[in-house]
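In what follows, a single structure is set out as structure tokens and then discussed.
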Amino acid sequence: MDIDFKEYHLRCQLHGHEDDVRGITVCGSDTGIATSSRDKTVRLWTQDNRKFVSSKVLVGHTSFVGPITWIPPSSDLPHGGVASGGMDTLVLVWDLNTGEKVQTLKGHQLQVTGIAYDDGDLVSSSIDSTLRRWRNGQCIETWEAHKGPIQAVVKLPTGELVTGSSDTTLKTWKGKTCLHTFVGHSDTVRGLAVMSDLGILSASHDGSLRLWAASGEVLMEMVGHTAIVYSVDSHTSGLIVSGSEDRFAKIWKDGVCVQSIEHPGCVWDTKFMENGDIVTACSDGIVRIWTVNQDYFADQLELDLYTSQLSQYKSSRKRVGGLKLEELPALDALKIPGTSDGQTKVVREGDNGVAYAWNMAEQKWDKIGEVVDGPEESNRSLFDGVQYDYVFDVDIGDGMPIRKLPYNRSDNPYDVADKWLLKESLPLSFREQVVQFILQNSGQKDITFDASFRDPYTGSNAYVPGQHSRASDISVKPTFKHIPKKGMLVFDTAQFDGILKKIVEFNNALLSDQEKQKLSLTELDVSRLDAIVKTLKNTSYYHSSKIADSEVALLLNMLCSWPITMIFPVIDFVRMVVLHPDGANALHKHFESEKDILMEVIKKVTVNPTVPANLLTSIRAVTNLFKNSCFYNWLQNHRSEILDAFSSCSSSTNKNLQLSYSTLILNYAVLLIESKDEEGQSQVLSAALEIVEDENVGPDSKFRALVAVGSLMLEGLVKKIALDFDVLSIAKAAKGSKDSKIAEVGSDIELVSKQS
């Protein structure tokens, strides 16, 4: 370690957030810090001697909050403010003095990823690939800055903006003009910072940090993290700090890592305070401050707590005999006698698993010894009692059963393929396709291996007659349980008698109100509705039965003219008419007309205050439109409006609304994959991930949203964007679900994520 470097020690831990802490900003002087979190809040922390205490909780975002930046004092914000960006696509501006939201900046189509303060303006970046400049609460300009999602934006002291993107580049901007494009990283550029008098710092998914001159020249590369690097910051002292998925905050001096600070989870963000102290944001929901000032070192009680947090995290990941250490029984389990001589039992002793054998003669458990398993956080698969990096399910087609193909990344895939084909009695002409399958699904497609054949059992060369066998007939592909989704889901059950009864009830109310009598139905109208019900009930004749244009016109007239509190049974009627082929065609004619009745109804029923029954029936009616391809153009043309209108359903406590919204999202995923609409797929992916992230969403809704995510990644155009959304972490969390369907689709998504 450099002798001029003083080691950082824990100063204090800030508890309050209920989920991952994602962003940090230091508010002017070192007396205040603001943090953002996956728990949808922003918290303000003020200094109290050695520690910092939570002073305000800012609530306004509807999904997790990421980037956050300090706004210096002004006439509008005398005490300064902060701006935060979220997965809800919004930038919110907050008054630090009151804790009140003073501006809502709406315009981005997808998650906001970065915010820079620029001489009174705010500049925001987004997964939607655009930058937006905001002034006095209004967007004054927007432009597409990269071809891929933008992950970060910072302002240089000289006035230019710098952006980092999933397209692996950095760009510098003067106004909307790109001055330079910096090429060098091999993966997403996730974090940016300014290094005083030197240039620009970048953090990347490729595991490295780079220091760039303003001209684009690489001045320094720092390698040391073992996973994605999410954040980077610098101090006037010349120190650099970075945070990574590998759970370490690393401190760098002159390009060399001088200290690594371990955390009990992913380090999402790192920031220097003016005095040189470091603030870190961790996935365990805790903000930590680190210092070199001995007067501020944490007391022993807090140090013990931090040590305990690290130990618990490691224990929760450590595996013994294929089981998580924390899942092993405690020593008390040895109080229960064994049932047979030699029976073994593994129990937890401290941070280790210890095996015991039952001694029948002496009626006691004899200690065998400590059980040794693989490294911490091992996700290796077991096959025939042996651990492998991968155990692939291989479908070779022709109605043959699924076969297991074990593989370690350290193996030569050609050797593995040769041995596997011989073992499975399959033609060696399949060799190249099996190898390509292995390389594709293990992320090694760019690595070169020795392709020469030697029989793995005899060492002899191969004889492949003619070299043209049935290789082209084999279909080697991974198998998934729930993705991709094919076909549309609909809500096709209805209590027709109840719907008709409610319409008659509301009609009687209109008849008794002199001012609204003219809106009521005649006896002939009611008989027409009764005729529609009879047609809809008789599903076996849908291929030949008809619904008259006049009957459809009656329903649409009711939608337009009846009071908003009375239209939910009418919407429910339309929901079922949509599923009838002739009814769907009749409705479609009206939807394509100059006056788009359905879109008007959607806007009417989704504005505040909403009538819950209107919201539920209308979202289900729109979902049922996916049943008939004649509505596909309409659904695509109005996609953004529809998803925005119903977005509140994802956070509703009503499980039926949640499920309806998830079904709408899943249907849109299927449609937009088919139409190869990348922009639409990005919006649907963002909406699906928002559902998945919400702990209050029911399992059925979460499952459908996960299927949408997996399908979009597997067959859509947004896999890269999904990976930038940390979808692998979401997949791993889903795999741990007690709900088997969610666990299975989590495994599907994890497999897709690892495919190159």
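Starting from 1 in every chain, residues are counted up; chains themselves are A, B, ... following the order of the structure tokens, and ligands are numbered from 1 as listed.
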- May I have the residues within 10 Å of Asp694 (chain A) as a list in words, using only C-alpha atoms and disregarding those fewer than 4 positions away in the same chain?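 The neighbour list is Arg38, Asp39, Lys40, Thr62, Ser63, Phe64, Ser650, Ser651, Leu689, Glu690, Gly698 and Lys702 of chain A.
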The selected residues should be written to file as a compact mmCIF listing (two decimals), in the first residue's frame (atoms: N, CA and C atoms).
# COMPACT_ATOMS: atom_id res chain seq x y z
N ARG A 38 -34.51 1.79 -4.09
CA ARG A 38 -35.49 0.93 -4.74
C ARG A 38 -36.82 0.94 -3.97
N ASP A 39 -36.83 1.47 -2.75
CA ASP A 39 -38.07 1.51 -1.97
C ASP A 39 -38.97 2.68 -2.38
N LYS A 40 -38.62 3.36 -3.49
CA LYS A 40 -39.40 4.44 -4.11
C LYS A 40 -39.25 5.78 -3.41
N THR A 62 -43.30 6.42 -8.13
CA THR A 62 -44.15 5.23 -8.06
C THR A 62 -43.36 3.95 -8.33
N SER A 63 -42.05 4.09 -8.57
CA SER A 63 -41.20 2.92 -8.75
C SER A 63 -39.82 3.28 -8.22
N PHE A 64 -38.85 2.36 -8.39
CA PHE A 64 -37.58 2.60 -7.72
C PHE A 64 -36.88 3.84 -8.28
N SER A 650 -50.62 -1.09 -11.82
CA SER A 650 -49.53 -1.94 -11.33
C SER A 650 -49.30 -1.76 -9.84
N SER A 651 -49.58 -0.56 -9.33
CA SER A 651 -49.36 -0.31 -7.90
C SER A 651 -50.65 -0.38 -7.09
N LEU A 689 -40.96 -4.89 -15.77
CA LEU A 689 -39.99 -4.92 -14.68
C LEU A 689 -40.50 -4.13 -13.48
N GLU A 690 -41.26 -3.09 -13.74
CA GLU A 690 -41.84 -2.32 -12.63
C GLU A 690 -42.81 -3.19 -11.83
N GLY A 698 -49.27 -9.56 -6.56
CA GLY A 698 -49.59 -10.98 -6.34
C GLY A 698 -48.77 -11.90 -7.23
N LYS A 702 -47.13 -11.29 -11.00
CA LYS A 702 -45.67 -11.28 -11.12
C LYS A 702 -45.22 -12.32 -12.15
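Computed from the coordinates, the CA of Asp95 (chain A) to CA of Cys139 (chain A) distance equals 19.6 Å.
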- Item | Within 10 Å of Gly81 (chain A) using only C-alpha atoms, minus same-chain residues under 5 positions, as a ChimeraX atom specification | /A:27-28,34,69-74,76,93-102
Restricting it to C-alpha atoms, dump the selection as a PDB file, in the first residue's frame.
ATOM      1  CA  CYS A  27     -25.850  18.538  -0.777  1.00  0.00           C
ATOM      2  CA  GLY A  28     -23.503  21.480  -1.058  1.00  0.00           C
ATOM      3  CA  ALA A  34     -29.520  12.783  -0.114  1.00  0.00           C
ATOM      4  CA  THR A  69     -28.356  15.312  -7.980  1.00  0.00           C
ATOM      5  CA  TRP A  70     -27.946  18.423  -5.851  1.00  0.00           C
ATOM      6  CA  ILE A  71     -29.480  21.750  -6.998  1.00  0.00           C
ATOM      7  CA  PRO A  72     -27.681  24.795  -5.504  1.00  0.00           C
ATOM      8  CA  PRO A  73     -29.735  27.520  -3.763  1.00  0.00           C
ATOM      9  CA  SER A  74     -31.658  29.918  -6.005  1.00  0.00           C
ATOM     10  CA  ASP A  76     -36.985  29.486  -6.270  1.00  0.00           C
ATOM     11  CA  VAL A  93     -37.559  18.243  -8.121  1.00  0.00           C
ATOM     12  CA  TRP A  94     -37.677  18.622  -4.330  1.00  0.00           C
ATOM     13  CA  ASP A  95     -37.301  21.591  -1.989  1.00  0.00           C
ATOM     14  CA  LEU A  96     -34.729  20.614   0.652  1.00  0.00           C
ATOM     15  CA  ASN A  97     -36.153  22.993   3.232  1.00  0.00           C
ATOM     16  CA  THR A  98     -39.744  21.756   3.120  1.00  0.00           C
ATOM     17  CA  GLY A  99     -39.243  18.282   1.671  1.00  0.00           C
ATOM     18  CA  GLU A 100     -42.036  19.077  -0.790  1.00  0.00           C
ATOM     19  CA  LYS A 101     -42.101  18.101  -4.463  1.00  0.00           C
ATOM     20  CA  VAL A 102     -42.036  21.341  -6.485  1.00  0.00           C
TER      21      VAL A 102
END
- Surrounding residues of Thr663 (chain A) excluding itself and chain neighbours under 3 positions, 7 Å, only C-alpha atoms, as a PyMOL selection string: chain A and resi 489+659-660+666-667+704
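Contact shell of Val745 (chain A) at 10 Å (only C-alpha atoms; same-chain neighbours under 2 positions omitted): Phe480, Lys481, His482, Ile483, Phe703, Arg704, Leu706, Val707, Val709, Gly710, Ala731, Ala734, Lys735, Ser740, Lys741, Ile742, Ala743, Ser747, Asp748, Ile749, Glu750 and Leu751 of chain A.
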- With only C-alpha atoms as the basis for distance, which of A:His263, A:Arg190, A:Arg11, A:Arg210 is at the shortest distance from Thr307 (chain A)?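 Among A:His263, A:Arg190, A:Arg11, A:Arg210, it is A:His263 that comes nearest to Thr307 (chain A).
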- Task: From region 141-358 of chain A, collect each residue whose DSSP state is helix (DSSP H, G or I) and return the set as a PyMOL selection string.
- Result: chain A and resi 294-296+300-317+325-327+331-335
- Query: Looking at only C-alpha atoms, which of A:Glu18, A:Asp366, A:Asp246, A:Asp582 is the one that sits closest to Ser544 (chain A)?
  - Reply: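 Distance minimum relative to Ser544 (chain A) lands on A:Asp582.
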- What gap, in Å, lies between CA of Gln440 (chain A) and CA of Gln151 (chain A)?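 A separation of 26.6 Å between them.
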- State, in Å with one decimal place, the distance from CA of Thr168 (chain A) to CA of Val189 (chain A).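 Separation of CA of Thr168 (chain A) and CA of Val189 (chain A): 5.5 Å.
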- Task: Would you list the contacts of Ser729 (chain A) as a ChimeraX atom specification, taking every protein, DNA or RNA residue within 12 Å and counting only C-alpha atoms, but skipping same-chain residues closer than 2 positions in sequence?
- Result: /A:245,265-266,283,689,692-693,722-727,731-736,746-747,749-750,753
- Exercise: Glu262 (chain A) partners within 10 Å, only C-alpha atoms, chain neighbours under 4 positions left out, as a ChimeraX atom specification: /A:246-250,266-267,310
- Task: Write down as a ChimeraX atom specification the residues of region 269-314 of chain A whose backbone DSSP state falls under strand (DSSP E or B).
- Result: /A:269-272,278-282,287-291
Residues as selected, C-alpha atoms, written as a PDB file, in the first residue's frame, can you do that?
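So the final result, stored in selection-v1.pdb, reads:
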ATOM      1  CA  ASP A 269     -23.083   4.127  -5.835  1.00  0.00           C
ATOM      2  CA  THR A 270     -20.042   5.817  -4.291  1.00  0.00           C
ATOM      3  CA  LYS A 271     -19.436   9.515  -3.642  1.00  0.00           C
ATOM      4  CA  PHE A 272     -16.702  11.609  -2.034  1.00  0.00           C
ATOM      5  CA  ILE A 278     -16.651   8.387   1.208  1.00  0.00           C
ATOM      6  CA  VAL A 279     -20.365   7.567   1.074  1.00  0.00           C
ATOM      7  CA  THR A 280     -21.471   4.168  -0.273  1.00  0.00           C
ATOM      8  CA  ALA A 281     -24.923   2.912  -1.273  1.00  0.00           C
ATOM      9  CA  CYS A 282     -25.499  -0.813  -0.779  1.00  0.00           C
ATOM     10  CA  VAL A 287     -25.862   3.955   3.530  1.00  0.00           C
ATOM     11  CA  ARG A 288     -22.320   3.865   4.937  1.00  0.00           C
ATOM     12  CA  ILE A 289     -19.807   6.651   5.452  1.00  0.00           C
ATOM     13  CA  TRP A 290     -16.070   5.918   5.586  1.00  0.00           C
ATOM     14  CA  THR A 291     -13.364   8.245   6.915  1.00  0.00           C
TER      15      THR A 291
END
- Query: So which one's closest to Ala688 (chain A), A:Asp88, A:Glu523, A:Asp418, A:Glu349? Using only C-alpha atoms, please.
  - Reply: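 For Ala688 (chain A), the nearest of the given residues is A:Asp88.
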